[in-house]
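Q: Enclosed is the structure file coords.cif (mmCIF, N, CA and C atoms).
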```cif
data_upload
#
loop_
_atom_site.label_atom_id
_atom_site.label_comp_id
_atom_site.auth_asym_id
_atom_site.auth_seq_id
_atom_site.Cartn_x
_atom_site.Cartn_y
_atom_site.Cartn_z
N MET W 1 -9.80 -5.28 -9.65
CA MET W 1 -9.67 -3.93 -10.15
C MET W 1 -9.61 -3.99 -11.68
N ASP W 2 -10.21 -3.03 -12.30
CA ASP W 2 -10.28 -2.97 -13.76
C ASP W 2 -8.89 -2.85 -14.38
N ARG W 3 -8.57 -3.75 -15.29
CA ARG W 3 -7.25 -3.79 -15.93
C ARG W 3 -6.96 -2.49 -16.70
N LYS W 4 -7.98 -1.92 -17.34
CA LYS W 4 -7.78 -0.67 -18.10
C LYS W 4 -7.38 0.47 -17.16
N LEU W 5 -7.99 0.50 -15.98
CA LEU W 5 -7.65 1.52 -15.01
C LEU W 5 -6.21 1.33 -14.53
N LEU W 6 -5.84 0.10 -14.26
CA LEU W 6 -4.47 -0.19 -13.83
C LEU W 6 -3.45 0.24 -14.87
N ASP W 7 -3.80 0.09 -16.12
CA ASP W 7 -2.87 0.45 -17.20
C ASP W 7 -2.57 1.94 -17.26
N ILE W 8 -3.47 2.78 -16.74
CA ILE W 8 -3.24 4.22 -16.82
C ILE W 8 -2.82 4.84 -15.49
N LEU W 9 -3.01 4.12 -14.39
CA LEU W 9 -2.63 4.66 -13.08
C LEU W 9 -1.12 4.65 -12.89
N CYS W 10 -0.64 5.66 -12.18
CA CYS W 10 0.77 5.67 -11.80
C CYS W 10 0.90 6.41 -10.48
N CYS W 11 2.01 6.21 -9.84
CA CYS W 11 2.31 6.87 -8.57
C CYS W 11 2.39 8.38 -8.81
N PRO W 12 1.70 9.19 -8.00
CA PRO W 12 1.75 10.64 -8.20
C PRO W 12 3.12 11.25 -7.86
N VAL W 13 3.95 10.52 -7.15
CA VAL W 13 5.27 11.02 -6.76
C VAL W 13 6.33 10.61 -7.76
N SER W 14 6.45 9.30 -7.97
CA SER W 14 7.53 8.78 -8.82
C SER W 14 7.12 8.61 -10.28
N LYS W 15 5.81 8.65 -10.53
CA LYS W 15 5.25 8.42 -11.88
C LYS W 15 5.46 6.98 -12.35
N ARG W 16 5.77 6.08 -11.42
CA ARG W 16 5.96 4.66 -11.75
C ARG W 16 4.61 3.99 -11.87
N PRO W 17 4.50 2.98 -12.74
CA PRO W 17 3.25 2.22 -12.85
C PRO W 17 2.97 1.47 -11.53
N VAL W 18 1.71 1.16 -11.31
CA VAL W 18 1.32 0.41 -10.12
C VAL W 18 0.68 -0.91 -10.52
N GLN W 19 0.71 -1.84 -9.58
CA GLN W 19 0.12 -3.15 -9.79
C GLN W 19 -0.52 -3.59 -8.48
N PRO W 20 -1.44 -4.54 -8.51
CA PRO W 20 -2.06 -4.99 -7.26
C PRO W 20 -1.01 -5.58 -6.31
N LEU W 21 -1.16 -5.27 -5.04
CA LEU W 21 -0.30 -5.84 -4.02
C LEU W 21 -0.69 -7.30 -3.82
N PRO W 22 0.25 -8.23 -3.91
CA PRO W 22 -0.09 -9.65 -3.73
C PRO W 22 -0.74 -9.89 -2.36
N ASP W 23 -1.64 -10.87 -2.32
CA ASP W 23 -2.38 -11.17 -1.10
C ASP W 23 -1.49 -11.44 0.10
N THR W 24 -0.38 -12.15 -0.09
CA THR W 24 0.50 -12.44 1.04
C THR W 24 1.10 -11.16 1.61
N ASP W 25 1.46 -10.22 0.74
CA ASP W 25 1.99 -8.94 1.20
C ASP W 25 0.89 -8.10 1.86
N LEU W 26 -0.33 -8.19 1.33
CA LEU W 26 -1.45 -7.46 1.91
C LEU W 26 -1.73 -7.96 3.33
N GLU W 27 -1.70 -9.26 3.51
CA GLU W 27 -1.92 -9.84 4.84
C GLU W 27 -0.83 -9.38 5.81
N ARG W 28 0.39 -9.39 5.35
CA ARG W 28 1.51 -8.97 6.19
C ARG W 28 1.40 -7.49 6.55
N LEU W 29 1.06 -6.67 5.56
CA LEU W 29 0.90 -5.24 5.79
C LEU W 29 -0.23 -4.99 6.79
N ASN W 30 -1.33 -5.69 6.67
CA ASN W 30 -2.45 -5.52 7.60
C ASN W 30 -2.07 -5.95 9.01
N ARG W 31 -1.23 -6.96 9.13
CA ARG W 31 -0.75 -7.37 10.44
C ARG W 31 0.08 -6.25 11.07
N LEU W 32 0.94 -5.63 10.27
CA LEU W 32 1.76 -4.52 10.75
C LEU W 32 0.90 -3.30 11.11
N ILE W 33 -0.15 -3.07 10.34
CA ILE W 33 -1.07 -1.97 10.64
C ILE W 33 -1.76 -2.24 11.98
N GLN W 34 -2.20 -3.46 12.18
CA GLN W 34 -2.86 -3.83 13.43
C GLN W 34 -1.94 -3.65 14.63
N GLU W 35 -0.66 -3.88 14.42
CA GLU W 35 0.33 -3.72 15.48
C GLU W 35 0.77 -2.27 15.66
N GLY W 36 0.24 -1.37 14.83
CA GLY W 36 0.57 0.05 14.93
C GLY W 36 1.94 0.41 14.39
N GLN W 37 2.49 -0.42 13.51
CA GLN W 37 3.83 -0.19 12.99
C GLN W 37 3.89 0.54 11.66
N ILE W 38 2.75 0.83 11.06
CA ILE W 38 2.73 1.47 9.74
C ILE W 38 2.10 2.85 9.85
N ARG W 39 2.73 3.81 9.19
CA ARG W 39 2.21 5.18 9.14
C ARG W 39 2.16 5.64 7.69
N TYR W 40 1.22 6.54 7.41
CA TYR W 40 1.14 7.15 6.09
C TYR W 40 2.36 8.04 5.88
N MET W 41 2.56 8.46 4.66
CA MET W 41 3.69 9.33 4.33
C MET W 41 3.61 10.67 5.07
N ASP W 42 2.40 11.11 5.46
CA ASP W 42 2.28 12.35 6.23
C ASP W 42 2.46 12.10 7.73
N ASP W 43 2.89 10.91 8.09
CA ASP W 43 3.19 10.48 9.46
C ASP W 43 1.96 10.24 10.32
N SER W 44 0.77 10.23 9.73
CA SER W 44 -0.42 9.90 10.51
C SER W 44 -0.57 8.38 10.57
N GLU W 45 -1.24 7.92 11.61
CA GLU W 45 -1.39 6.48 11.82
C GLU W 45 -2.40 5.90 10.85
N VAL W 46 -2.10 4.71 10.35
CA VAL W 46 -3.04 3.97 9.52
C VAL W 46 -3.96 3.25 10.50
N GLU W 47 -5.22 3.61 10.51
CA GLU W 47 -6.14 3.08 11.51
C GLU W 47 -6.96 1.90 11.03
N ALA W 48 -7.18 1.79 9.74
CA ALA W 48 -8.02 0.71 9.21
C ALA W 48 -7.21 -0.20 8.30
N PRO W 49 -7.49 -1.50 8.35
CA PRO W 49 -6.79 -2.41 7.46
C PRO W 49 -7.16 -2.13 6.01
N LEU W 50 -6.33 -2.62 5.11
CA LEU W 50 -6.55 -2.43 3.68
C LEU W 50 -7.29 -3.64 3.11
N GLU W 51 -8.32 -3.37 2.33
CA GLU W 51 -9.03 -4.45 1.62
C GLU W 51 -8.24 -4.85 0.38
N GLN W 52 -7.72 -3.84 -0.30
CA GLN W 52 -6.90 -4.01 -1.49
C GLN W 52 -5.85 -2.92 -1.47
N ALA W 53 -4.80 -3.12 -2.24
CA ALA W 53 -3.76 -2.09 -2.33
C ALA W 53 -3.04 -2.20 -3.66
N LEU W 54 -2.41 -1.10 -4.04
CA LEU W 54 -1.58 -1.05 -5.24
C LEU W 54 -0.16 -0.72 -4.79
N ILE W 55 0.80 -1.29 -5.47
CA ILE W 55 2.20 -1.02 -5.16
C ILE W 55 2.91 -0.61 -6.45
N THR W 56 3.84 0.32 -6.33
CA THR W 56 4.59 0.73 -7.51
C THR W 56 5.44 -0.44 -8.01
N ASP W 57 5.77 -0.42 -9.29
CA ASP W 57 6.51 -1.54 -9.86
C ASP W 57 7.91 -1.69 -9.27
N ASN W 58 8.42 -0.64 -8.62
CA ASN W 58 9.72 -0.75 -7.96
C ASN W 58 9.58 -0.98 -6.45
N GLY W 59 8.36 -1.11 -5.97
CA GLY W 59 8.10 -1.43 -4.57
C GLY W 59 8.29 -0.28 -3.59
N SER W 60 8.37 0.95 -4.08
CA SER W 60 8.67 2.07 -3.18
C SER W 60 7.45 2.63 -2.45
N ARG W 61 6.27 2.54 -3.04
CA ARG W 61 5.07 3.10 -2.41
C ARG W 61 3.89 2.15 -2.58
N ILE W 62 3.03 2.21 -1.59
CA ILE W 62 1.81 1.41 -1.59
C ILE W 62 0.64 2.38 -1.40
N TYR W 63 -0.43 2.14 -2.15
CA TYR W 63 -1.63 2.97 -2.06
C TYR W 63 -2.82 2.08 -1.77
N ARG W 64 -3.64 2.50 -0.82
CA ARG W 64 -4.83 1.72 -0.48
C ARG W 64 -5.88 1.87 -1.57
N VAL W 65 -6.76 0.89 -1.64
CA VAL W 65 -7.91 0.91 -2.54
C VAL W 65 -9.13 0.72 -1.65
N ASP W 66 -9.99 1.73 -1.58
CA ASP W 66 -11.19 1.69 -0.75
C ASP W 66 -12.42 1.58 -1.63
N ASP W 67 -13.19 0.53 -1.41
CA ASP W 67 -14.42 0.29 -2.19
C ASP W 67 -14.14 0.32 -3.69
N GLY W 68 -13.00 -0.23 -4.09
CA GLY W 68 -12.64 -0.30 -5.50
C GLY W 68 -12.04 0.98 -6.06
N ILE W 69 -11.86 2.00 -5.21
CA ILE W 69 -11.34 3.29 -5.67
C ILE W 69 -9.92 3.48 -5.12
N PRO W 70 -8.92 3.58 -5.99
CA PRO W 70 -7.55 3.81 -5.54
C PRO W 70 -7.41 5.19 -4.90
N VAL W 71 -6.78 5.25 -3.75
CA VAL W 71 -6.52 6.52 -3.06
C VAL W 71 -5.07 6.90 -3.39
N MET W 72 -4.92 7.62 -4.48
CA MET W 72 -3.60 7.94 -5.02
C MET W 72 -3.16 9.34 -4.60
N LEU W 73 -3.19 9.60 -3.31
CA LEU W 73 -2.74 10.88 -2.77
C LEU W 73 -1.35 10.69 -2.17
N GLU W 74 -0.46 11.62 -2.45
CA GLU W 74 0.92 11.51 -1.98
C GLU W 74 0.99 11.28 -0.47
N GLU W 75 0.23 12.07 0.28
CA GLU W 75 0.30 11.96 1.74
C GLU W 75 -0.35 10.69 2.28
N ARG W 76 -1.16 10.01 1.48
CA ARG W 76 -1.82 8.78 1.90
C ARG W 76 -1.12 7.54 1.37
N GLY W 77 0.05 7.73 0.81
CA GLY W 77 0.86 6.58 0.41
C GLY W 77 1.48 5.92 1.63
N LEU W 78 1.85 4.68 1.47
CA LEU W 78 2.54 3.93 2.52
C LEU W 78 3.93 3.58 2.00
N PRO W 79 4.91 3.58 2.85
CA PRO W 79 6.26 3.23 2.39
C PRO W 79 6.35 1.75 2.03
N GLY W 80 6.82 1.47 0.85
CA GLY W 80 7.02 0.08 0.44
C GLY W 80 8.04 -0.62 1.29
N SER W 81 8.92 0.15 1.92
CA SER W 81 9.96 -0.44 2.77
C SER W 81 9.36 -1.17 3.97
N ALA W 82 8.11 -0.91 4.29
CA ALA W 82 7.46 -1.60 5.41
C ALA W 82 7.43 -3.11 5.17
N LEU W 83 7.35 -3.51 3.92
CA LEU W 83 7.30 -4.93 3.59
C LEU W 83 8.68 -5.58 3.64
N GLU W 84 9.72 -4.75 3.75
CA GLU W 84 11.07 -5.28 3.82
C GLU W 84 11.47 -5.69 5.23
N GLN W 85 10.63 -5.32 6.21
CA GLN W 85 10.91 -5.71 7.59
C GLN W 85 10.81 -7.24 7.69
N PRO W 86 11.67 -7.86 8.48
CA PRO W 86 11.57 -9.30 8.62
C PRO W 86 10.23 -9.70 9.23
N PRO W 87 9.66 -10.81 8.78
CA PRO W 87 8.38 -11.23 9.35
C PRO W 87 8.55 -11.59 10.83
N PRO W 88 7.49 -11.36 11.62
CA PRO W 88 7.62 -11.68 13.04
C PRO W 88 7.77 -13.18 13.26
N ARG W 89 8.53 -13.53 14.29
CA ARG W 89 8.70 -14.95 14.63
C ARG W 89 7.47 -15.44 15.34
N GLU W 90 7.08 -16.65 15.02
CA GLU W 90 5.89 -17.22 15.65
C GLU W 90 6.27 -18.39 16.53
#
```
Turn this file's structure into structure tokens for me.
A:
Amino acid sequence: MDRKLLDILCCPVSKRPVQPLPDTDLERLNRLIQEGQIRYMDDSEVEAPLEQALITDNGSRIYRVDDGIPVMLEERGLPGSALEQPPPRE
């Protein structure tokens, strides 16, 4: 993602800056999406995995990036708390 774009983007709710979601967190989030455990802020189901994502600097919200375009809509945010769930035992 373009660094200049990242420098000006912020969460539409909290106005906090965003940064790329680390790959390990993205993999974990996609696993939870596949298991049907993640919902958008409007309570609709997340049906497709994320290729990329942005997370607020305080970890409260996650926004998907589709085809290089950040989807910065309040209702399409994901709760950052989803990443606080303990990882599944293998």
Q: Tell me which protein, DNA and RNA residues are within 10 Å of segment 10-13 of chain W, counting only C-alpha atoms, leaving out same-chain ones fewer than 4 positions away, and put them as number ranges by chain.
A: W: 5-6, 17-19, 54-57, 60-63, 72-75, 77
Q: Any idea what the distance is between atom CA of Tyr40 of chain W and atom N of Lys15 of chain W?
A: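 That distance, rounded to one decimal, is 17.3 Å.
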Q: Find the distance between atom CA of Val46 of chain W and atom N of Asp7 of chain W and write it in Å to one decimal.
A: 25.9 Å
Q: Could you write out, as a ChimeraX atom specification, all the residues of segment 23-55 of chain W that DSSP marks as alpha helix (DSSP H)?
A: /W:23-34
Q: Using N, CA and C atoms, can you write the selected residues to a file as a short mmCIF file (atom, residue, chain, number, x, y, z; two decimals), keeping the file's coordinate frame?
A:
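Okay, this is what ended up in out_17.cif:
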```cif
data_model
loop_
_atom_site.label_atom_id
_atom_site.label_comp_id
_atom_site.auth_asym_id
_atom_site.auth_seq_id
_atom_site.Cartn_x
_atom_site.Cartn_y
_atom_site.Cartn_z
N ASP W 23 -1.64 -10.87 -2.32
CA ASP W 23 -2.38 -11.17 -1.10
C ASP W 23 -1.49 -11.44 0.10
N THR W 24 -0.38 -12.15 -0.09
CA THR W 24 0.50 -12.44 1.04
C THR W 24 1.10 -11.16 1.61
N ASP W 25 1.46 -10.22 0.74
CA ASP W 25 1.99 -8.94 1.20
C ASP W 25 0.89 -8.10 1.86
N LEU W 26 -0.33 -8.19 1.33
CA LEU W 26 -1.45 -7.46 1.91
C LEU W 26 -1.73 -7.96 3.33
N GLU W 27 -1.70 -9.26 3.51
CA GLU W 27 -1.92 -9.84 4.84
C GLU W 27 -0.83 -9.38 5.81
N ARG W 28 0.39 -9.39 5.35
CA ARG W 28 1.51 -8.97 6.19
C ARG W 28 1.40 -7.49 6.55
N LEU W 29 1.06 -6.67 5.56
CA LEU W 29 0.90 -5.24 5.79
C LEU W 29 -0.23 -4.99 6.79
N ASN W 30 -1.33 -5.69 6.67
CA ASN W 30 -2.45 -5.52 7.60
C ASN W 30 -2.07 -5.95 9.01
N ARG W 31 -1.23 -6.96 9.13
CA ARG W 31 -0.75 -7.37 10.44
C ARG W 31 0.08 -6.25 11.07
N LEU W 32 0.94 -5.63 10.27
CA LEU W 32 1.76 -4.52 10.75
C LEU W 32 0.90 -3.30 11.11
N ILE W 33 -0.15 -3.07 10.34
CA ILE W 33 -1.07 -1.97 10.64
C ILE W 33 -1.76 -2.24 11.98
N GLN W 34 -2.20 -3.46 12.18
CA GLN W 34 -2.86 -3.83 13.43
C GLN W 34 -1.94 -3.65 14.63
#
```
Q: Find, counting only C-alpha atoms, the residue in W:Pro70, W:Gly80, W:Pro22, W:Gly36 that gets nearest to Asn58 of chain W.
A: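 Using only C-alpha atoms, the shortest distance to Asn58 of chain W belongs to W:Gly80.
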Q: Please give the complete set of residues from chain W that DSSP, run on the backbone, assigns to strand (DSSP E or B), formatted as a list in words.
A: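 Those in chain W that DSSP calls strand (DSSP E or B) are Cys10, Pro17, Val18, Gln19, Pro20, Arg39, Glu45, Gln52, Ala53, Leu54, Ile55, Thr56, Arg61, Ile62, Tyr63, Arg64, Val65, Asp66, Ile69, Pro70, Leu78 and Pro79 of chain W.
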Q: Quote the spacing between atom N of Asp42 of chain W and atom N of Arg16 of chain W in Å to one decimal place.
A: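 So the two atoms, atom N of Asp42 of chain W and atom N of Arg16 of chain W, lie 17.9 Å apart.
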Q: If we count only N, CA and C atoms and set the cut-off at 8 Å, which residues sit around Gly59 of chain W, ignoring sequence neighbours fewer than 6 positions away in its own chain? Please answer as a PyMOL selection string.
A: chain W and resi 79-82
Q: Which residue, W:Asp23, W:Arg64, W:Arg3, W:Leu78, has the smallest gap to Met41 of chain W when you use only C-alpha atoms?
A: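 Smallest separation from Met41 of chain W among the options: W:Leu78.
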